[in-house]
Each structure stands twice: as structure tokens, then as C-alpha cells.
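Colleague: File run_19.txt below, compact mmCIF, C-alpha atoms (C1' of nucleotides):
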# COMPACT_ATOMS: atom_id res chain seq x y z
CA MET A 106 -204.67 89.80 -102.67
CA GLU A 107 -201.27 88.68 -101.48
CA LEU A 108 -198.48 87.90 -103.90
CA GLU A 109 -198.20 84.30 -102.69
CA GLU A 110 -201.88 83.67 -103.27
CA LEU A 111 -201.72 85.14 -106.75
CA PHE A 112 -198.92 82.81 -107.78
CA ARG A 113 -200.60 79.84 -106.12
CA ARG A 114 -203.81 80.45 -108.05
CA LEU A 115 -202.14 81.06 -111.40
CA ASP A 116 -199.98 78.00 -110.91
CA ALA A 117 -203.06 75.85 -110.37
CA CYS A 118 -204.76 77.43 -113.38
CA TYR A 119 -202.15 77.43 -116.15
CA ASP A 120 -199.34 75.29 -117.47
CA VAL A 121 -196.45 77.40 -118.70
CA SER A 122 -193.84 74.69 -119.03
CA GLY A 123 -191.65 75.28 -122.05
CA TRP A 124 -192.37 79.00 -121.95
CA TRP A 125 -189.02 80.04 -123.43
CA PRO A 126 -187.72 77.20 -125.60
CA ALA A 127 -184.12 77.77 -126.67
CA GLU A 128 -181.25 75.45 -127.46
CA SER A 129 -178.45 77.82 -126.55
CA ARG A 130 -177.64 80.97 -124.65
CA TRP A 131 -177.11 82.81 -127.92
CA GLU A 132 -180.58 81.79 -129.01
CA VAL A 133 -181.94 83.25 -125.76
CA MET A 134 -180.15 86.52 -126.47
CA VAL A 135 -181.49 86.68 -130.02
CA GLY A 136 -185.01 85.79 -128.87
CA ALA A 137 -184.92 88.39 -126.10
CA ILE A 138 -184.16 91.20 -128.55
CA LEU A 139 -186.54 89.93 -131.23
CA VAL A 140 -189.51 89.54 -128.88
CA GLN A 141 -189.54 93.19 -127.86
CA GLN A 142 -193.01 94.58 -128.54
CA THR A 143 -194.12 91.62 -130.64
CA THR A 144 -195.46 88.08 -130.28
CA TRP A 145 -193.43 84.97 -129.64
CA GLU A 146 -195.02 83.41 -132.74
CA SER A 147 -193.33 86.05 -134.89
CA VAL A 148 -190.03 85.42 -133.14
CA VAL A 149 -190.25 81.69 -133.84
CA LYS A 150 -190.57 82.38 -137.56
CA VAL A 151 -187.32 84.34 -137.50
CA LEU A 152 -185.46 81.88 -135.28
CA GLU A 153 -186.56 78.95 -137.44
CA SER A 154 -185.56 80.63 -140.68
CA MET A 155 -182.17 81.45 -139.16
CA ARG A 156 -181.78 77.88 -137.94
CA ARG A 157 -182.67 76.47 -141.37
CA ARG A 158 -179.98 78.61 -142.93
CA GLY A 159 -177.50 77.57 -140.26
CA ILE A 160 -176.91 81.15 -139.16
CA LEU A 161 -178.29 80.98 -135.63
CA ASP A 162 -174.72 81.57 -134.63
CA VAL A 163 -172.69 84.46 -133.20
CA ASP A 164 -170.10 84.56 -135.95
CA ALA A 165 -172.64 84.23 -138.74
CA VAL A 166 -174.68 87.16 -137.40
CA ALA A 167 -171.52 89.18 -136.81
CA SER A 168 -170.30 88.64 -140.38
CA MET A 169 -173.37 88.77 -142.59
CA PRO A 170 -174.38 91.88 -144.52
CA LEU A 171 -176.75 94.00 -142.44
CA GLY A 172 -179.32 94.06 -145.24
CA GLU A 173 -179.54 90.28 -145.23
CA LEU A 174 -180.07 90.24 -141.46
CA GLU A 175 -182.76 92.92 -141.81
CA ARG A 176 -184.60 90.79 -144.34
CA LEU A 177 -184.60 87.84 -141.95
CA VAL A 178 -185.74 89.90 -138.96
CA ARG A 179 -188.60 91.64 -140.81
CA PRO A 180 -191.44 89.38 -139.54
CA ALA A 181 -190.65 90.40 -135.96
CA GLY A 182 -191.15 94.12 -136.63
CA PHE A 183 -188.82 97.06 -135.89
CA TYR A 184 -186.51 95.14 -138.16
CA ARG A 185 -183.96 97.86 -138.86
CA GLN A 186 -183.29 98.52 -135.17
CA LYS A 187 -183.40 94.87 -134.19
CA ALA A 188 -181.05 93.75 -136.95
CA ALA A 189 -178.53 96.47 -136.08
CA ARG A 190 -178.73 95.64 -132.39
CA LEU A 191 -178.33 91.91 -132.98
CA GLN A 192 -175.30 92.49 -135.14
CA HIS A 193 -173.82 94.88 -132.58
CA LEU A 194 -174.24 92.25 -129.85
CA ALA A 195 -172.75 89.51 -132.06
CA ARG A 196 -169.73 91.65 -132.93
CA TYR A 197 -169.30 92.64 -129.29
CA LEU A 198 -169.21 88.97 -128.26
CA ARG A 199 -166.90 88.06 -131.12
CA GLU A 200 -164.42 90.85 -130.43
CA ARG A 201 -164.31 90.57 -126.65
CA TYR A 202 -165.13 86.98 -125.80
CA GLY A 203 -164.26 84.83 -128.78
CA SER A 204 -167.98 84.65 -129.70
CA ASP A 205 -168.89 83.00 -126.39
CA PRO A 206 -172.08 84.34 -124.73
CA GLY A 207 -170.63 82.95 -121.51
CA GLY A 208 -168.13 85.78 -121.61
CA ILE A 209 -170.93 87.93 -120.23
CA LEU A 210 -173.25 85.37 -118.64
CA ASP A 211 -170.61 83.60 -116.56
CA LYS A 212 -169.73 86.78 -114.72
CA GLY A 213 -171.37 87.76 -111.45
CA THR A 214 -175.04 88.62 -111.87
CA GLU A 215 -174.72 92.34 -111.21
CA GLU A 216 -171.69 92.74 -113.43
CA ALA A 217 -173.34 90.76 -116.22
CA ARG A 218 -176.50 92.84 -115.93
CA ALA A 219 -174.62 96.13 -116.10
CA GLU A 220 -172.73 94.92 -119.15
CA LEU A 221 -175.93 93.87 -120.93
CA LEU A 222 -177.54 97.21 -120.10
CA SER A 223 -174.62 99.05 -121.67
CA LEU A 224 -175.41 97.49 -125.06
CA PRO A 225 -177.77 99.20 -127.52
CA GLY A 226 -181.28 97.76 -127.53
CA ILE A 227 -180.92 95.95 -124.24
CA GLY A 228 -182.94 97.58 -121.47
CA GLU A 229 -183.96 96.22 -118.09
CA GLU A 230 -186.53 93.68 -119.27
CA THR A 231 -184.33 92.31 -122.01
CA ALA A 232 -181.30 92.13 -119.73
CA ASP A 233 -183.27 90.28 -117.07
CA ALA A 234 -184.78 87.89 -119.62
CA ILE A 235 -181.28 87.03 -120.81
CA LEU A 236 -180.03 86.62 -117.23
CA LEU A 237 -183.01 84.49 -116.21
CA PHE A 238 -183.56 82.27 -119.25
CA GLY A 239 -180.04 82.30 -120.64
CA GLY A 240 -177.97 82.57 -117.47
CA ARG A 241 -180.33 80.88 -115.04
CA ARG A 242 -179.95 83.70 -112.55
CA PRO A 243 -182.73 84.47 -110.08
CA ARG A 244 -183.82 87.75 -111.61
CA PHE A 245 -187.54 88.50 -111.72
CA ILE A 246 -188.72 90.27 -114.88
CA ALA A 247 -190.96 93.17 -113.86
CA ALA A 248 -192.58 93.59 -117.30
CA ALA A 249 -195.35 96.09 -118.01
CA TYR A 250 -197.93 93.28 -117.86
CA VAL A 251 -196.64 92.35 -114.41
CA ARG A 252 -196.89 95.91 -113.12
CA ARG A 253 -200.40 96.38 -114.55
CA THR A 254 -201.63 93.13 -113.00
CA PHE A 255 -200.13 93.93 -109.60
CA ASP A 256 -201.74 97.35 -109.76
CA ARG A 257 -205.16 96.01 -110.71
CA LEU A 258 -205.12 93.41 -107.93
CA GLY A 259 -203.94 95.91 -105.33
CA ILE A 260 -200.70 94.02 -104.75
CA LEU A 261 -198.36 96.87 -105.58
CA SER A 262 -199.01 100.08 -107.49
CA SER A 263 -195.75 101.18 -109.00
CA SER A 264 -194.53 101.99 -112.47
CA ASP A 265 -190.94 101.70 -111.28
CA TYR A 266 -189.32 98.59 -112.76
CA GLY A 267 -186.72 98.19 -110.00
CA GLU A 268 -189.23 98.65 -107.23
CA VAL A 269 -191.54 95.95 -108.59
CA GLN A 270 -188.60 93.63 -109.17
CA ARG A 271 -187.29 94.09 -105.61
CA PHE A 272 -190.79 93.58 -104.22
CA VAL A 273 -191.05 90.13 -105.80
CA GLU A 274 -187.45 89.11 -105.16
CA ALA A 275 -187.88 89.94 -101.47
CA ARG A 276 -190.89 87.59 -101.23
CA VAL A 277 -190.14 84.68 -103.53
CA PRO A 278 -187.20 82.30 -102.94
CA PRO A 279 -184.38 83.05 -105.43
CA ASP A 280 -184.86 80.03 -107.66
CA PRO A 281 -184.56 80.76 -111.40
CA ASP A 282 -187.15 78.14 -112.34
CA ARG A 283 -189.58 79.67 -109.88
CA TYR A 284 -188.98 83.20 -111.16
CA ALA A 285 -189.36 82.03 -114.73
CA ARG A 286 -192.66 80.34 -113.94
CA CYS A 287 -194.02 83.33 -112.02
CA TYR A 288 -193.20 85.65 -114.89
CA ALA A 289 -194.60 83.30 -117.51
CA LEU A 290 -197.82 82.81 -115.54
CA LEU A 291 -198.39 86.54 -115.21
CA VAL A 292 -197.76 87.27 -118.88
CA HIS A 293 -199.77 84.29 -120.07
CA HIS A 294 -202.70 85.26 -117.87
CA ALA A 295 -202.55 88.88 -119.00
CA ARG A 296 -202.60 87.82 -122.66
CA THR A 297 -205.43 85.28 -122.41
CA ALA A 298 -208.22 85.24 -119.82
CA CYS A 299 -207.44 88.69 -118.48
CA ARG A 300 -208.23 90.26 -121.85
CA SER A 301 -211.69 88.76 -122.23
CA ARG A 302 -214.76 90.78 -121.27
CA PRO A 303 -215.66 91.09 -118.53
CA ARG A 304 -212.10 90.95 -117.39
CA CYS A 305 -210.97 87.53 -116.22
CA ALA A 306 -214.34 85.96 -116.97
CA GLY A 307 -214.00 82.25 -116.35
CA CYS A 308 -210.47 82.44 -115.03
CA CYS A 309 -209.01 81.75 -111.63
CA LEU A 310 -208.87 85.45 -110.73
CA ARG A 311 -212.44 86.40 -111.68
CA ASP A 312 -213.39 87.14 -108.07
CA ALA A 313 -210.35 89.34 -107.58
CA CYS A 314 -210.19 91.30 -110.84
CA PRO A 315 -212.07 94.61 -110.63
CA ALA A 316 -214.83 94.42 -113.26
CA THR A 317 -213.65 97.01 -115.73
CA ALA A 318 -216.02 95.59 -118.37
C1' DA B 1123 -210.11 100.54 -140.28
C1' DC B 1124 -208.89 100.12 -136.34
C1' DC B 1125 -206.17 97.93 -131.95
C1' DC B 1126 -202.63 95.31 -129.98
C1' DA B 1127 -198.00 93.01 -129.40
C1' DG B 1128 -193.29 89.02 -123.86
C1' DG B 1129 -189.48 97.40 -125.16
C1' DT B 1130 -185.88 100.73 -126.03
C1' DG B 1131 -183.94 105.15 -126.79
C1' DG B 1132 -184.21 109.92 -127.82
C1' DC B 1133 -185.96 114.33 -126.79
C1' DC B 1134 -188.43 117.63 -123.89
C1' DC B 1135 -189.73 119.84 -119.61
C1' DG C 112 -187.88 111.98 -112.57
C1' DG C 113 -191.97 111.59 -115.85
C1' DG C 114 -194.56 112.18 -120.47
C1' DC C 115 -194.32 111.71 -125.58
C1' DC C 116 -192.76 109.82 -129.63
C1' DA C 117 -190.65 106.74 -133.43
C1' DC C 118 -189.65 102.31 -134.48
C1' DA C 119 -192.69 98.16 -138.18
C1' DT C 120 -194.66 93.76 -139.26
C1' DG C 121 -198.51 90.61 -138.50
C1' DG C 122 -202.80 88.93 -136.46
C1' DG C 123 -207.52 89.64 -134.48
Kindly transcribe the structure held in the file into C-alpha cells.
Modeller:
Amino acid sequence: MELEELFRRLDACYDVSGWWPAESRWEVMVGAILVQQTTWESVVKVLESMRRRGILDVDAVASMPLGELERLVRPAGFYRQKAARLQHLARYLRERYGSDPGGILDKGTEEARAELLSLPGIGEETADAILLFGGRRPRFIAAAYVRRTFDRLGILSSSDYGEVQRFVEARVPPDPDRYARCYALLVHHARTACRSRPRCAGCCLRDACPATA
DNA sequence: ACCCAGGTGGCCC
DNA sequence: GGGCCACATGGG
């Protein structure tokens, strides 16, 4: 199946509007780190509890005792790493950019990406999620779900993040809303219909998914 | 009692 | 460059 047809079918099949709700660029950054290897539902619990306490804020996260941040992050798993990485990012923004996430995100896309990647706990997926949802840059997120789905459908078999990303970016117009929707559609599909048995039973890709039972 | 989850980093070869 | 592993809570 061609990439264009895949997106056309998924788009007709699922509604992923409001996929990454966030009220600020800092909230996108926090969500991007928290959501690593966990569910968005768990992330929402943490974000909401932070919001209720009025500490969904760069300076608050930079200043609070690490143990308190760990306690808040616990529902999202890997809480010791995530709390340390969030506080590192908050202190980095506070020290270098007066606590403004725009200090990074308003730079050129490549420079901003390199800077994000230099921070602990921010790898390619997280950096691209921050650039796409927080910075509205046309960066496609080549997540593991994306690579597995492309592989299964015979669109592109590669475990190389950059190769998969370039493949999509060379074929889809560089519109951040479009990239966000394509990514959301792929992940949503992978987590819902694609997981039922037989694979994709009753979903828009049932004729294309190899029956792996 | 499993398995999975919107990854990253460290270590080994 | 790839293949393992730890990291951790919460839901099916």
C-alpha cells in the first residue's frame, strides 16, 4: 500500500482531533517527557494534579524539592528519572532563557532540535513531539508504532528513525497540522483496532493487514 | 500472573 | 552500527 492511501484511509476512519491537548509550550514539554513508555491517561493525572497545585510552571518545577516532584510524577512511571529530567529542563530554561520555552522553540528548527537532543531524557521522538506540538514545526514523529505499521503494510521496512522520518517528510507537504494528524492516526490505529484479533478486524485496513492472528 | 504502555541512556560487542 | 538491559506505575 502507498503512504498516501494509508493516510487517506485512516483519516476517513478515525477522528484524532484534540490528540495532544496542552495550554502552553511548557505543558507540551512536560507531557512529552511524561508520556514516554506510558499512557496519555496517566500523564493527564500528573498534569492535572500539577495544575491544581499551580505548579505547571517552569519556575515552580525548577525550584521545588526533587522528592516532591517525584511524588507527583509517580503515576506516570519511571518517576525518578522523569522527575530529575523535568527539573533539569526547567532549570536549563530558567538559567538560560528566563524560564521561557520560546528560548529554544523560537530558534531555527534544526538548532532547536539539536538543543533539545542535548538535554537528558530527550531523544528523537520526544524532541520531535516538542517541536511538532509545542513549536508547530513540520517534523514527523517516526515512533516505534509508526515503523511497525509501515513494515507490516510493506510501505517501508526500516528500524532507522531518521530514515522513516525522511521518507514521510519527502512525501507529505510540510504542514504541522498534517504531520500531527498523520502521527496521531497511526498511533491511535496501532493502539485500537490493530491490536484486536485477527489483526485489524473490522477496521479500515483489514484487507491490507497480514493476518497474523 | 502475566502483558503492555505515545522512550531514553548505558553498556557490550 | 545493533542487541540487551534498567527504569516503574497502572490497567487489561
Colleague: How many Å lie between atom C1' of DC1135 of chain B and atom CA of Val251 of chain A, rounded to one decimal?
Modeller: 28.8 Å
Colleague: Find the residues around segment 111-127 of chain A up to 7 Å (only C-alpha atoms (C1' of nucleotides) counted), leave out those fewer than 3 positions away in its own chain, and share them as a list in words.
Modeller: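 So, after excluding close chain neighbours, the residues are Met106, Glu107, Leu108, Glu132, Val133, Arg286, Cys287, Ala289, Leu290 and Cys309 of chain A.
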Colleague: Could you state the separation of atom CA of Gly208 of chain A and atom CA of Ile138 of chain A in Å, given to one decimal place?
Modeller: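 Atom-to-atom, atom CA of Gly208 of chain A to atom CA of Ile138 of chain A, that is 18.3 Å.
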Colleague: When you get a sec, could you note down which chain B residues fall within 12 Å of chain A, using all atoms listed in the file, as a list in words?
Modeller: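 Here they are: DC1126, DA1127, DG1128, DG1129, DT1130 and DG1131 of chain B.
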Colleague: Would you compute the distance between atom CA of Tyr197 of chain A and atom CA of Ile209 of chain A? Give it in Å to one decimal.
Modeller: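 Atom CA of Tyr197 of chain A sits 10.3 Å away from atom CA of Ile209 of chain A.
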Colleague: Identify which of the residues A:Glu128, A:Glu146, A:Glu109, A:Glu200 lies closest to chain C, counting only C-alpha atoms (C1' of nucleotides) when measuring atom-to-atom distances.
Modeller: A:Glu146
Colleague: Mind listing whatever residues come within 7 Å of the point (-193.4, 92.1, -140.9)? Use all atoms listed in the file, file coordinates, and give them as JSON, numbers by chain.
Modeller: {"A": [179, 180, 181, 182], "C": [119, 120, 121]}
Colleague: Suppose we keep C-alpha atoms (C1' of nucleotides); can you now write the selection as a compact mmCIF listing (two decimals), keeping the file's coordinate frame?
Modeller:
# COMPACT_ATOMS: atom_id res chain seq x y z
CA ARG A 179 -188.60 91.64 -140.81
CA PRO A 180 -191.44 89.38 -139.54
CA ALA A 181 -190.65 90.40 -135.96
CA GLY A 182 -191.15 94.12 -136.63
C1' DA C 119 -192.69 98.16 -138.18
C1' DT C 120 -194.66 93.76 -139.26
C1' DG C 121 -198.51 90.61 -138.50
Colleague: For a quick check of understanding, using all atoms listed in the file, which of A:Asp256, A:Leu291, A:Ser168, A:Phe245 has the smallest distance to Ala275 of chain A?
Modeller: A:Phe245
Colleague: Just the residues within 12 Å of DC115 of chain C, please, counting all atoms listed in the file, with nothing from its chain fewer than 4 positions along; format it as JSON, numbers by chain.
Modeller: {"B": [1132, 1133, 1134, 1135]}
Colleague: Based on the selection just made, write C-alpha atoms (C1' of nucleotides) of those residues as a CSV table (one decimal), in the coordinates of the input.
Modeller:
chain,number,residue,atom,x,y,z
B,1132,DG,C1',-184.2,109.9,-127.8
B,1133,DC,C1',-186.0,114.3,-126.8
B,1134,DC,C1',-188.4,117.6,-123.9
B,1135,DC,C1',-189.7,119.8,-119.6
Colleague: From the list A:Phe272, A:Leu171, A:Leu177, A:Arg252, which residue is nearest Glu153 of chain A when using only C-alpha atoms?
Modeller: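 Checking each of A:Phe272, A:Leu171, A:Leu177, A:Arg252 against Glu153 of chain A, counting only C-alpha atoms, the winner is A:Leu177.
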